[in-house]
file query_11.txt (compact mmCIF, C-alpha atoms)
# COMPACT_ATOMS: atom_id res chain seq x y z
CA MET H 12 -63.96 188.44 51.40
CA GLY H 13 -64.90 190.99 54.00
CA TYR H 14 -67.09 191.99 56.87
CA GLY H 15 -70.75 191.84 55.99
CA CYS H 16 -69.96 189.05 53.49
CA CYS H 17 -67.89 186.34 55.07
CA PRO H 18 -65.22 186.08 57.82
CA VAL H 19 -61.83 187.68 57.41
CA PRO H 20 -58.93 185.36 58.22
CA LYS H 21 -57.41 185.88 61.64
CA LYS H 22 -54.11 187.69 61.81
CA ASP H 23 -51.18 185.26 61.84
CA GLN H 24 -50.17 184.35 65.35
CA MET H 25 -46.55 185.50 65.70
CA THR H 26 -44.35 186.42 68.59
CA GLU H 27 -44.17 190.20 68.33
CA PRO H 28 -42.82 192.89 70.64
CA ASP H 29 -45.36 194.66 72.76
CA THR H 30 -44.37 197.94 71.09
CA ILE H 31 -45.83 196.98 67.69
CA ARG H 32 -48.48 199.52 66.65
CA THR H 33 -51.47 198.52 64.53
CA PHE H 34 -53.04 201.26 62.42
CA LEU H 35 -56.52 200.85 60.94
CA PHE H 36 -57.40 203.24 58.11
CA LEU H 37 -60.95 204.17 57.14
CA GLN H 38 -61.91 206.62 54.38
CA GLY H 39 -59.36 209.21 53.34
CA PRO H 40 -58.93 212.08 50.89
CA HIS H 41 -59.60 211.15 47.27
CA GLY H 42 -56.49 209.74 45.67
CA PRO H 43 -53.41 207.78 46.82
CA TYR H 44 -52.51 209.71 49.97
CA PHE H 45 -53.75 207.16 52.53
CA HIS H 46 -52.04 204.29 50.71
CA ARG H 47 -48.73 206.18 50.67
CA LEU H 48 -49.14 206.96 54.35
CA GLY H 49 -49.86 203.32 55.16
CA GLN H 50 -46.74 202.24 53.28
CA MET H 51 -44.59 204.66 55.28
CA LEU H 52 -46.06 203.48 58.59
CA ALA H 53 -45.42 199.87 57.57
CA ALA H 54 -41.82 200.79 56.71
CA ALA H 55 -41.55 202.20 60.23
CA GLY H 56 -42.48 198.77 61.63
CA ALA H 57 -46.22 199.16 62.21
CA ASP H 58 -48.99 196.81 61.13
CA VAL H 59 -51.42 198.51 58.78
CA TRP H 60 -55.00 197.64 57.74
CA ARG H 61 -57.62 199.41 55.67
CA VAL H 62 -61.42 199.05 55.74
CA GLY H 63 -63.05 199.95 52.42
CA PHE H 64 -66.71 200.68 51.79
CA ASN H 65 -66.81 200.90 47.99
CA ARG H 66 -64.75 200.38 44.85
CA GLY H 67 -63.31 203.88 45.14
CA ASP H 68 -61.77 202.99 48.51
CA ARG H 69 -60.46 199.74 47.02
CA ALA H 70 -58.97 201.38 43.92
CA PHE H 71 -56.66 203.59 45.95
CA TRP H 72 -55.47 200.91 48.38
CA GLN H 73 -53.09 198.73 46.42
CA THR H 74 -52.16 196.21 49.09
CA THR H 75 -54.76 193.43 48.81
CA ALA H 76 -53.53 191.48 51.84
CA THR H 77 -54.29 194.37 54.21
CA TYR H 78 -57.60 195.45 52.71
CA ILE H 79 -60.86 194.62 54.52
CA PRO H 80 -64.01 195.19 52.44
CA TYR H 81 -67.15 196.08 54.34
CA ARG H 82 -70.24 194.98 52.42
CA GLY H 83 -72.70 194.89 55.29
CA MET H 84 -75.68 197.09 56.07
CA PRO H 85 -75.07 200.56 57.49
CA ASP H 86 -76.90 199.65 60.72
CA ASP H 87 -74.46 196.78 61.31
CA TRP H 88 -71.36 198.95 61.07
CA PRO H 89 -71.02 200.02 64.76
CA ALA H 90 -70.89 196.41 65.93
CA THR H 91 -68.60 195.45 63.07
CA ILE H 92 -66.02 198.15 63.68
CA ALA H 93 -65.92 197.25 67.37
CA ALA H 94 -65.18 193.65 66.37
CA ILE H 95 -62.46 194.67 63.89
CA LEU H 96 -60.74 196.87 66.46
CA GLN H 97 -60.60 193.97 68.88
CA GLU H 98 -59.69 191.24 66.39
CA LYS H 99 -56.83 193.17 64.81
CA ALA H 100 -55.60 194.50 68.17
CA VAL H 101 -55.81 198.00 66.75
CA THR H 102 -53.89 200.68 68.63
CA ASP H 103 -54.49 203.58 66.22
CA LEU H 104 -57.47 204.60 64.05
CA VAL H 105 -56.81 206.86 61.03
CA LEU H 106 -59.50 208.76 59.13
CA TYR H 107 -60.23 211.89 57.12
CA GLY H 108 -62.89 213.97 58.84
CA ASP H 109 -64.71 212.76 61.94
CA THR H 110 -68.37 213.57 61.26
CA ARG H 111 -69.52 211.27 58.44
CA PRO H 112 -71.64 208.49 59.99
CA ILE H 113 -69.18 205.61 59.49
CA HIS H 114 -66.38 207.68 60.97
CA ALA H 115 -68.40 209.00 63.90
CA ALA H 116 -69.32 205.43 64.87
CA ALA H 117 -65.71 204.30 64.53
CA VAL H 118 -64.40 207.19 66.62
CA ALA H 119 -66.88 206.37 69.38
CA ALA H 120 -65.83 202.71 69.38
CA ALA H 121 -62.14 203.59 69.32
CA LYS H 122 -62.39 206.05 72.20
CA ALA H 123 -64.36 203.52 74.24
CA ALA H 124 -61.53 201.04 73.71
CA GLY H 125 -58.77 203.52 74.54
CA ILE H 126 -57.50 203.61 70.95
CA THR H 127 -55.71 206.71 69.61
CA VAL H 128 -57.72 208.49 66.90
CA HIS H 129 -55.75 210.30 64.17
CA VAL H 130 -57.88 212.80 62.23
CA PHE H 131 -56.82 214.45 58.99
CA GLU H 132 -58.64 217.41 57.50
CA GLU H 133 -58.12 220.20 55.00
CA GLY H 134 -55.76 222.79 56.42
CA TYR H 135 -57.06 225.35 58.86
CA LEU H 136 -54.48 227.53 57.09
CA ARG H 137 -55.02 226.11 53.62
CA PRO H 138 -53.94 225.76 50.88
CA TYR H 139 -50.28 225.03 51.66
CA TRP H 140 -50.99 223.16 54.89
CA ILE H 141 -53.14 220.22 55.94
CA THR H 142 -54.54 219.61 59.43
CA TYR H 143 -53.48 216.70 61.62
CA GLU H 144 -55.04 216.30 65.07
CA ARG H 145 -55.91 213.54 67.51
CA GLY H 146 -59.39 212.90 68.82
CA GLY H 147 -61.31 215.27 66.56
CA SER H 148 -61.17 218.20 64.14
CA ASN H 149 -63.08 221.41 63.42
CA GLY H 150 -65.84 221.71 66.02
CA HIS H 151 -64.44 218.64 67.83
CA SER H 152 -60.87 219.97 67.89
CA ARG H 153 -58.99 220.65 71.11
CA LEU H 154 -58.54 224.17 69.75
CA MET H 155 -62.18 224.90 70.55
CA ASP H 156 -61.42 224.91 74.28
CA MET H 157 -58.11 226.77 74.10
CA SER H 158 -57.73 230.48 74.75
CA VAL H 159 -55.19 232.74 73.11
CA ALA H 160 -53.54 233.05 76.53
CA ASP H 161 -53.11 229.24 76.63
CA MET H 162 -51.49 229.34 73.20
CA ARG H 163 -49.12 232.15 74.11
CA LEU H 164 -47.98 230.18 77.15
CA ALA H 165 -47.26 227.12 75.00
CA LEU H 166 -45.36 229.24 72.48
CA ALA H 167 -42.86 230.38 75.09
CA LYS H 168 -40.36 227.76 73.85
CA ALA H 169 -41.03 228.27 70.12
CA ASP H 170 -39.21 230.60 67.77
CA MET H 171 -40.19 230.53 64.12
CA ASP H 172 -40.60 233.08 61.35
CA LEU H 173 -44.11 233.02 59.90
CA PRO H 174 -44.54 232.54 56.14
CA ASP H 175 -46.78 234.84 54.12
CA ALA H 176 -50.46 233.99 53.83
CA PRO H 177 -51.15 231.77 50.79
CA SER H 178 -53.32 233.33 48.11
CA HIS H 179 -54.77 230.28 46.32
CA TRP H 180 -55.42 226.58 46.51
CA GLY H 181 -52.27 224.65 45.68
CA ASP H 182 -53.77 221.61 44.00
CA MET H 183 -57.37 222.34 42.99
CA ARG H 184 -57.20 220.64 39.59
CA GLN H 185 -55.72 217.49 41.13
CA HIS H 186 -58.37 217.62 43.85
CA MET H 187 -61.13 217.66 41.24
CA PHE H 188 -59.45 214.97 39.13
CA TRP H 189 -59.07 212.51 42.02
CA GLY H 190 -62.62 213.26 43.14
CA ALA H 191 -64.07 212.51 39.71
CA LEU H 192 -61.99 209.32 39.40
CA TYR H 193 -62.99 208.13 42.87
CA HIS H 194 -66.70 208.55 42.15
CA TRP H 195 -66.32 206.80 38.80
CA PHE H 196 -64.87 203.77 40.59
CA VAL H 197 -67.69 203.88 43.15
CA LEU H 198 -70.30 204.07 40.39
CA ALA H 199 -68.70 201.38 38.21
CA GLY H 200 -68.36 198.94 41.11
CA PHE H 201 -71.67 199.55 42.88
CA TRP H 202 -72.70 195.90 42.44
CA ASP H 203 -69.77 194.77 44.60
CA TYR H 204 -70.80 196.98 47.54
CA ARG H 205 -74.56 196.97 47.20
CA HIS H 206 -75.28 198.36 50.66
CA PHE H 207 -72.88 201.32 50.49
CA ARG H 208 -74.53 204.67 51.17
CA PRO H 209 -72.51 207.88 50.64
CA HIS H 210 -72.45 210.43 53.44
CA ARG H 211 -73.74 213.06 50.99
CA GLN H 212 -77.46 213.52 50.34
CA ILE H 213 -77.17 212.80 46.61
CA THR H 214 -76.39 209.51 44.88
CA VAL H 215 -72.93 208.42 43.78
CA GLY H 216 -73.96 208.77 40.15
CA GLN H 217 -75.14 212.33 40.68
CA GLU H 218 -71.93 213.23 42.50
CA PHE H 219 -69.79 211.78 39.69
CA ARG H 220 -71.72 213.76 37.08
CA LEU H 221 -71.31 216.95 39.11
CA TYR H 222 -67.54 216.44 39.37
CA LEU H 223 -67.32 215.74 35.63
CA LYS H 224 -69.46 218.75 34.75
CA ARG H 225 -67.33 220.97 36.95
CA LEU H 226 -64.15 219.79 35.21
CA LEU H 227 -65.61 220.36 31.74
CA LEU H 228 -66.94 223.83 32.58
CA MET H 229 -63.73 225.09 34.16
CA PRO H 230 -62.72 227.26 31.14
CA PHE H 231 -66.18 228.90 30.96
CA HIS H 232 -66.34 229.47 34.71
CA ARG H 233 -62.86 230.96 34.65
CA TRP H 234 -64.01 233.53 32.08
CA GLN H 235 -67.08 234.36 34.20
CA ARG H 236 -64.93 234.72 37.30
CA MET H 237 -62.39 236.98 35.62
CA LEU H 238 -65.13 239.28 34.30
CA ALA H 239 -66.94 239.50 37.66
CA THR H 240 -63.69 240.13 39.55
CA TYR H 241 -62.65 242.85 37.10
CA ARG H 242 -65.97 244.66 37.56
CA ILE H 243 -65.69 244.54 41.34
CA ARG H 244 -62.06 245.62 41.57
CA ASN H 245 -62.62 248.48 39.14
CA GLY H 246 -66.07 249.52 40.34
CA GLY H 247 -64.79 252.12 42.77
CA PHE H 248 -67.29 251.19 45.49
CA PRO H 249 -66.66 249.92 49.04
CA TYR H 250 -67.71 246.30 49.42
CA HIS H 251 -68.07 243.54 52.00
CA LEU H 252 -67.19 239.94 51.13
CA VAL H 253 -69.33 236.89 51.92
CA ILE H 254 -67.22 233.73 51.87
CA LEU H 255 -69.51 230.85 50.94
CA GLN H 256 -69.01 227.19 51.80
CA LEU H 257 -70.30 223.97 50.33
CA ALA H 258 -73.78 223.31 51.69
CA HIS H 259 -72.89 219.61 52.04
CA ASP H 260 -69.60 220.26 53.85
CA ALA H 261 -69.28 218.77 57.33
CA SER H 262 -68.36 222.12 58.90
CA PHE H 263 -71.57 223.65 57.58
CA LEU H 264 -73.81 220.69 58.38
CA LYS H 265 -72.45 219.74 61.80
CA HIS H 266 -71.00 222.94 63.23
CA SER H 267 -73.32 225.75 62.13
CA PRO H 268 -76.76 227.03 63.25
CA PHE H 269 -78.21 226.86 59.72
CA ALA H 270 -80.23 224.00 58.28
CA SER H 271 -79.64 225.18 54.71
CA MET H 272 -77.52 227.58 52.69
CA THR H 273 -80.64 229.62 51.91
CA GLU H 274 -81.07 230.40 55.62
CA PHE H 275 -77.55 231.80 55.82
CA LEU H 276 -77.98 233.84 52.62
CA ALA H 277 -81.21 235.35 53.94
CA VAL H 278 -79.61 236.36 57.26
CA VAL H 279 -76.69 238.04 55.49
CA MET H 280 -78.89 239.80 52.94
CA GLU H 281 -81.21 241.16 55.63
CA GLY H 282 -78.32 242.37 57.76
CA PHE H 283 -76.74 244.11 54.78
CA ALA H 284 -80.01 245.76 53.73
CA LYS H 285 -80.60 247.06 57.29
CA GLY H 286 -77.11 248.16 58.26
CA ALA H 287 -74.77 248.84 55.34
CA PRO H 288 -74.38 252.38 53.98
CA ARG H 289 -76.31 252.76 50.72
CA HIS H 290 -73.18 253.18 48.62
CA HIS H 291 -71.65 249.90 49.91
CA HIS H 292 -71.89 246.67 47.89
CA LEU H 293 -71.96 243.00 48.90
CA VAL H 294 -69.88 240.35 47.09
CA PHE H 295 -70.71 236.65 47.43
CA LYS H 296 -67.74 234.41 46.62
CA ALA H 297 -68.53 230.77 45.91
CA HIS H 298 -66.40 227.91 47.18
CA PRO H 299 -63.85 226.72 44.57
CA LEU H 300 -65.53 223.29 44.49
CA GLU H 301 -69.10 224.61 44.22
CA ASP H 302 -70.78 222.24 41.75
CA GLY H 303 -74.34 223.52 41.43
CA ARG H 304 -76.13 220.97 43.60
CA VAL H 305 -77.56 223.98 45.46
CA ALA H 306 -78.86 226.87 43.34
CA VAL H 307 -76.79 229.46 45.22
CA LEU H 308 -76.80 232.15 42.51
CA ARG H 309 -80.55 231.86 41.97
CA GLU H 310 -81.19 232.24 45.71
CA ILE H 311 -78.87 235.24 45.93
CA ARG H 312 -80.71 237.00 43.11
CA ARG H 313 -84.10 236.19 44.62
CA LEU H 314 -83.15 237.48 48.06
CA ALA H 315 -81.52 240.61 46.60
CA ARG H 316 -84.81 241.50 44.90
CA GLU H 317 -86.75 240.73 48.08
CA TYR H 318 -84.61 243.13 50.15
CA GLY H 319 -84.30 245.76 47.43
CA VAL H 320 -80.50 245.62 47.07
CA GLU H 321 -80.17 243.85 43.71
CA LYS H 322 -78.06 246.65 42.17
CA ARG H 323 -75.46 246.30 44.95
CA ILE H 324 -75.00 242.52 44.90
CA HIS H 325 -72.25 240.60 43.08
CA PHE H 326 -71.41 236.91 42.68
CA VAL H 327 -67.97 235.43 41.95
CA ARG H 328 -67.62 231.77 41.07
CA GLY H 329 -64.57 230.39 42.91
CA GLY H 330 -61.13 231.70 42.09
CA LYS H 331 -58.47 233.40 44.21
CA LEU H 332 -59.73 234.83 47.45
CA ALA H 333 -56.82 237.26 47.81
CA GLN H 334 -57.86 239.32 44.78
CA LEU H 335 -61.13 240.19 46.49
CA LEU H 336 -59.89 240.36 50.08
CA ASN H 337 -57.22 242.92 49.28
CA HIS H 338 -59.89 245.57 48.62
CA ALA H 339 -62.71 244.43 50.94
CA ARG H 340 -63.95 246.39 53.98
CA SER H 341 -64.95 243.28 55.95
CA ALA H 342 -65.94 239.64 55.52
CA VAL H 343 -68.73 237.31 56.65
CA THR H 344 -68.82 233.51 56.69
CA VAL H 345 -70.43 230.63 58.54
CA ASN H 346 -67.19 228.98 59.67
CA SER H 347 -65.03 228.63 56.55
CA THR H 348 -61.32 228.10 57.08
CA ALA H 349 -60.89 230.95 54.59
CA GLY H 350 -61.75 233.22 57.50
CA GLN H 351 -58.10 232.80 58.50
CA GLN H 352 -57.02 234.74 55.41
CA VAL H 353 -59.38 237.55 56.41
CA LEU H 354 -57.85 237.78 59.87
CA TRP H 355 -54.31 237.58 58.53
CA ARG H 356 -55.03 240.81 56.63
CA GLY H 357 -56.42 242.50 59.72
CA LEU H 358 -59.95 242.77 58.30
CA PRO H 359 -63.11 242.61 60.46
CA LEU H 360 -64.71 239.17 60.36
CA LYS H 361 -68.16 237.94 61.38
CA VAL H 362 -68.78 234.19 61.80
CA PHE H 363 -71.92 232.26 62.76
CA GLY H 364 -70.82 228.67 63.31
CA ALA H 365 -68.29 226.87 65.49
CA ALA H 366 -64.78 227.49 64.17
CA VAL H 367 -61.34 226.87 65.63
CA TYR H 368 -60.44 230.52 65.00
CA ALA H 369 -63.61 232.03 66.51
CA LYS H 370 -61.81 233.65 69.45
CA PRO H 371 -63.24 236.85 70.99
CA GLU H 372 -59.94 238.68 70.44
CA PHE H 373 -60.30 238.70 66.67
CA VAL H 374 -63.83 237.69 65.60
CA SER H 375 -66.59 240.30 65.82
CA THR H 376 -69.46 239.83 68.26
CA GLN H 377 -71.50 242.71 66.79
CA PRO H 378 -75.04 242.13 65.45
CA LEU H 379 -74.85 241.83 61.67
CA PRO H 380 -76.50 245.19 60.77
CA GLU H 381 -74.11 246.96 63.16
CA PHE H 382 -71.20 244.98 61.71
CA PHE H 383 -72.03 246.13 58.16
CA ALA H 384 -72.50 249.72 59.38
CA GLN H 385 -69.17 249.98 61.19
CA ALA H 386 -67.29 246.78 61.93
CA SER H 387 -64.84 246.54 64.82
CA ARG H 388 -61.34 245.51 63.82
CA PRO H 389 -59.65 242.36 65.15
CA ASP H 390 -56.71 242.25 67.52
CA SER H 391 -54.08 241.43 64.90
CA LYS H 392 -51.37 240.71 67.45
CA ALA H 393 -53.57 238.09 69.11
CA TYR H 394 -54.34 236.53 65.74
CA ARG H 395 -50.66 236.42 64.82
CA ASP H 396 -49.93 234.50 68.01
CA TYR H 397 -52.85 232.16 67.29
CA ARG H 398 -51.61 231.50 63.76
CA HIS H 399 -48.09 230.95 65.04
CA TYR H 400 -49.46 228.33 67.44
CA LEU H 401 -51.23 226.47 64.63
CA LEU H 402 -48.11 226.42 62.48
CA GLU H 403 -46.14 224.95 65.38
CA THR H 404 -48.73 222.23 66.06
CA SER H 405 -51.52 220.91 63.81
CA GLN H 406 -50.67 222.52 60.44
CA ILE H 407 -48.28 220.50 58.28
CA PRO H 408 -46.82 221.85 55.00
CA GLY H 409 -48.04 219.88 52.00
CA GLY H 410 -51.22 218.67 50.35
CA TYR H 411 -53.20 215.50 49.72
CA TYR H 412 -53.76 215.68 45.98
CA ALA H 413 -50.61 216.80 44.14
CA SER H 414 -47.59 214.47 44.23
CA ARG H 415 -45.16 217.08 45.54
CA GLY H 416 -47.62 218.00 48.26
CA ARG H 417 -47.86 214.37 49.37
CA ARG H 418 -44.10 214.03 49.46
CA ALA H 419 -43.85 217.11 51.65
CA LEU H 420 -46.36 215.62 54.08
CA MET H 421 -44.57 212.29 54.36
CA ARG H 422 -41.40 213.99 55.51
CA GLN H 423 -43.11 215.03 58.70
CA VAL H 424 -46.53 213.50 59.35
CA VAL H 425 -45.45 209.89 59.96
CA ASP H 426 -43.13 210.89 62.79
CA MET H 427 -45.93 212.99 64.28
CA MET H 428 -48.30 210.01 64.19
CA LEU H 429 -45.75 207.72 65.84
CA ALA H 430 -44.95 210.25 68.56
CA ALA H 431 -46.24 209.54 72.06
CA GLU H 432 -47.80 213.02 72.34
CA ASP H 433 -50.22 214.81 70.05
CA PRO H 434 -49.04 218.05 68.36
CA TYR H 435 -50.46 220.31 71.07
CA ASP H 436 -48.97 218.43 74.01
CA SER H 437 -45.63 218.09 72.19
CA LEU H 438 -45.30 221.86 72.02
CA ILE H 439 -46.07 222.27 75.72
CA SER H 440 -43.57 219.59 76.75
CA GLY H 441 -40.88 220.94 74.43
CA ASN H 442 -40.75 217.74 72.36
CA ALA H 443 -42.23 219.16 69.15
CA ALA H 444 -40.23 218.26 66.05
CA PRO H 445 -38.61 221.09 64.05
CA ARG H 446 -40.91 222.37 61.31
CA GLN H 447 -40.02 222.49 57.63
CA GLN H 448 -39.59 225.83 55.94
CA LEU H 449 -42.54 226.31 53.63
CA ARG H 450 -41.92 225.88 49.92
CA LEU H 451 -44.29 225.80 46.96
CA VAL H 452 -45.88 222.33 46.97
CA THR H 453 -48.30 222.45 44.04
call {"tool": "encode", "arguments": {"input": "query_11.txt", "output": "structure tokens"}}
result
Amino acid sequence: MGYGCCPVPKKDQMTEPDTIRTFLFLQGPHGPYFHRLGQMLAAAGADVWRVGFNRGDRAFWQTTATYIPYRGMPDDWPATIAAILQEKAVTDLVLYGDTRPIHAAAVAAAKAAGITVHVFEEGYLRPYWITYERGGSNGHSRLMDMSVADMRLALAKADMDLPDAPSHWGDMRQHMFWGALYHWFVLAGFWDYRHFRPHRQITVGQEFRLYLKRLLLMPFHRWQRMLATYRIRNGGFPYHLVILQLAHDASFLKHSPFASMTEFLAVVMEGFAKGAPRHHHLVFKAHPLEDGRVAVLREIRRLAREYGVEKRIHFVRGGKLAQLLNHARSAVTVNSTAGQQVLWRGLPLKVFGAAVYAKPEFVSTQPLPEFFAQASRPDSKAYRDYRHYLLETSQIPGGYYASRGRRALMRQVVDMMLAAEDPYDSLISGNAAPRQQLRLVT
């Protein structure tokens, strides 16, 4: 039974204290994280529900009694979520990312009803942290309207040693495994949720095949990556690094000025050809989860020929960012969270889209040709204070995909969700909970 099919039974009428919280979960990271989180909230005394939109959502939510399947048409979802929020007396909405259509509609309905919205995302300081905020994330985050001066004022009561910058993703293999398994469930159970439409532009079957192909080709891609990295590190030439993102990622689609990845590549290639010294090279580093749905390498080669710089262009497929950053002169990205690793090293950084770290103190405002010619360096002290602020507020040690990472999250995130104040206000009021010392969580 479910919305869009037939009525869901009304919640049992019981005499309950007014302090009971009711959490409604929507779509989460691939894997069991949301179910584990729901169990912990229930153990804390809250009521917990989950709306699922496909068999993948159902597979990772093991409590049948609290699962609400939505089998209706996409156009009917805004009215349906408003009805669910009212019927279940929801006080808190929980979701992963706030821009996919079903989540954007739910956030709007929740805010209109005065319901607290809990948003999870990949860590702004990934890979050993995840992001937890209220109201919105990335371009919708409260960080967008905060100045470094505001953050320094809030930090007056904080005193914490900062851990070293992470050098690699903590749970990439698990991430890919859970992603492939999720899309297999979606594909195998399509008949049960006939009206489900993924928020990506490709079909569920295509996405599953891309995940599977990526898993199978990992050994070959690793060999390619090692060879390309060796040539760059031992080439003896100065180089600038372009940190690529997934063209279907929400940060790229919703918070950047580019309609396609090709547009971004063309802007960067033109700026490099016009401004960079002739002995400098340009290295494009693909996202670790790049799966080939966009012909990035082909476009890079085409544009390099067009601008006459093909002998100075390199491409690295995924891998550790630190190995390339340690020798780079500067970096360019749309709004990747990897830009934080650039700033942590004190390297010049140019961004084009909305990003929580795009503060004038440490992100270059130079035109791109001028940036490649002689980039201005960031204010590293300002960035250190900014990073300190994030670690005291929205960044939680742990990960969604590996079991140890999930355990690390549970030790802290549930209390943060149950707190009266969001992480930013808690720091200002002096009520922020002590933070865990970072340990390896892969």
call {"tool": "residues_near_point", "arguments": {"input": "query_11.txt", "point": "(-58.7, 212.2, 43.0)", "cutoff": "8 Å", "atoms": "all atoms listed in the file", "output": "number ranges by chain"}}
result
H: 40-43, 185-193, 412
call {"tool": "closest_residue", "arguments": {"input": "query_11.txt", "among": "H:Asn65, H:Ser158, H:Thr77, H:Ser148", "to": "H:Leu106", "atoms": "only C-alpha atoms"}}
result
H:Ser148
call {"tool": "residues_around", "arguments": {"input": "query_11.txt", "residues": "stretch 291-293 of chain H", "least_positions_apart": "2", "cutoff": "6 Å", "atoms": "only C-alpha atoms", "output": "PDB file with C-alpha atoms, in the frame of the given file"}}
result
ATOM      1  CA  PRO H 249     -66.660 249.920  49.040  1.00  0.00           C
ATOM      2  CA  TYR H 250     -67.710 246.300  49.420  1.00  0.00           C
ATOM      3  CA  HIS H 251     -68.070 243.540  52.000  1.00  0.00           C
ATOM      4  CA  PRO H 288     -74.380 252.380  53.980  1.00  0.00           C
ATOM      5  CA  ARG H 289     -76.310 252.760  50.720  1.00  0.00           C
ATOM      6  CA  ARG H 323     -75.460 246.300  44.950  1.00  0.00           C
ATOM      7  CA  ILE H 324     -75.000 242.520  44.900  1.00  0.00           C
TER       8      ILE H 324
END
call {"tool": "residues_around", "arguments": {"input": "query_11.txt", "residues": "H:Tyr411", "least_positions_apart": "5", "cutoff": "7 Å", "atoms": "all atoms listed in the file", "output": "list of chain:residue names"}}
result
H:Pro40, H:Tyr44, H:Gly416, H:Arg417
call {"tool": "residues_around", "arguments": {"input": "query_11.txt", "residues": "stretch 274-281 of chain H", "least_positions_apart": "2", "cutoff": "9 Å", "atoms": "all atoms listed in the file", "output": "number ranges by chain"}}
result
H: 253, 268-272, 283-286, 293, 307, 310-311, 314-315, 318, 320, 343-345, 363, 379-380
call {"tool": "closest_residue", "arguments": {"input": "query_11.txt", "among": "H:Arg184, H:Arg32, H:Arg398, H:Arg316", "to": "H:Thr102", "atoms": "all atoms listed in the file"}}
result
H:Arg32
call {"tool": "closest_residue", "arguments": {"input": "query_11.txt", "among": "H:Leu37, H:Ala443, H:Trp88, H:Lys168", "to": "H:Val128", "atoms": "all atoms listed in the file"}}
result
H:Leu37
call {"tool": "residues_around", "arguments": {"input": "query_11.txt", "residues": "stretch 436-438 of chain H", "least_positions_apart": "4", "cutoff": "9 Å", "atoms": "only C-alpha atoms", "output": "list of chain:residue names"}}
result
H:Ala165, H:Leu166, H:Lys168, H:Ala169, H:Tyr400, H:Glu403, H:Thr404, H:Ala430, H:Ala431, H:Glu432, H:Asn442, H:Ala443, H:Ala444
call {"tool": "residues_near_point", "arguments": {"input": "query_11.txt", "point": "(-46.6, 225.7, 56.4)", "cutoff": "7 Å", "atoms": "only C-alpha atoms", "output": "list of chain:residue names"}}
result
H:Tyr139, H:Trp140, H:Leu402, H:Gln406, H:Ile407, H:Pro408, H:Leu449
call {"tool": "closest_atom_pairs", "arguments": {"input": "query_11.txt", "of": "stretch 60-179 of chain H", "to": "stretch 365-369 of chain H", "cutoff": "6 Å", "atoms": "all atoms listed in the file", "output": "Markdown table"}}
result
| residue | atom | partner | partner_atom | distance |
| --- | --- | --- | --- | --- |
| H:Gly150 | CA | H:Ala365 | CA | 5.7 |
| H:Leu154 | CA | H:Val367 | CA | 5.7 |
| H:Met155 | CA | H:Val367 | CA | 5.4 |
call {"tool": "atom_distance", "arguments": {"input": "query_11.txt", "atom1": "atom CA of H:His206", "atom2": "atom CA of H:His266"}}
result
27.9 Å
call {"tool": "closest_residue", "arguments": {"input": "query_11.txt", "among": "H:Met84, H:Val374, H:Ala413, H:Ala258", "to": "H:Gln351", "atoms": "only C-alpha atoms"}}
result
H:Val374
call {"tool": "closest_residue", "arguments": {"input": "query_11.txt", "among": "H:Asp203, H:Val105, H:Thr142, H:Ala116", "to": "H:Gly83", "atoms": "all atoms listed in the file"}}
result
H:Asp203
call {"tool": "atom_distance", "arguments": {"input": "query_11.txt", "atom1": "atom CA of H:Tyr81", "atom2": "atom CA of H:Phe207"}}
result
8.7 Å
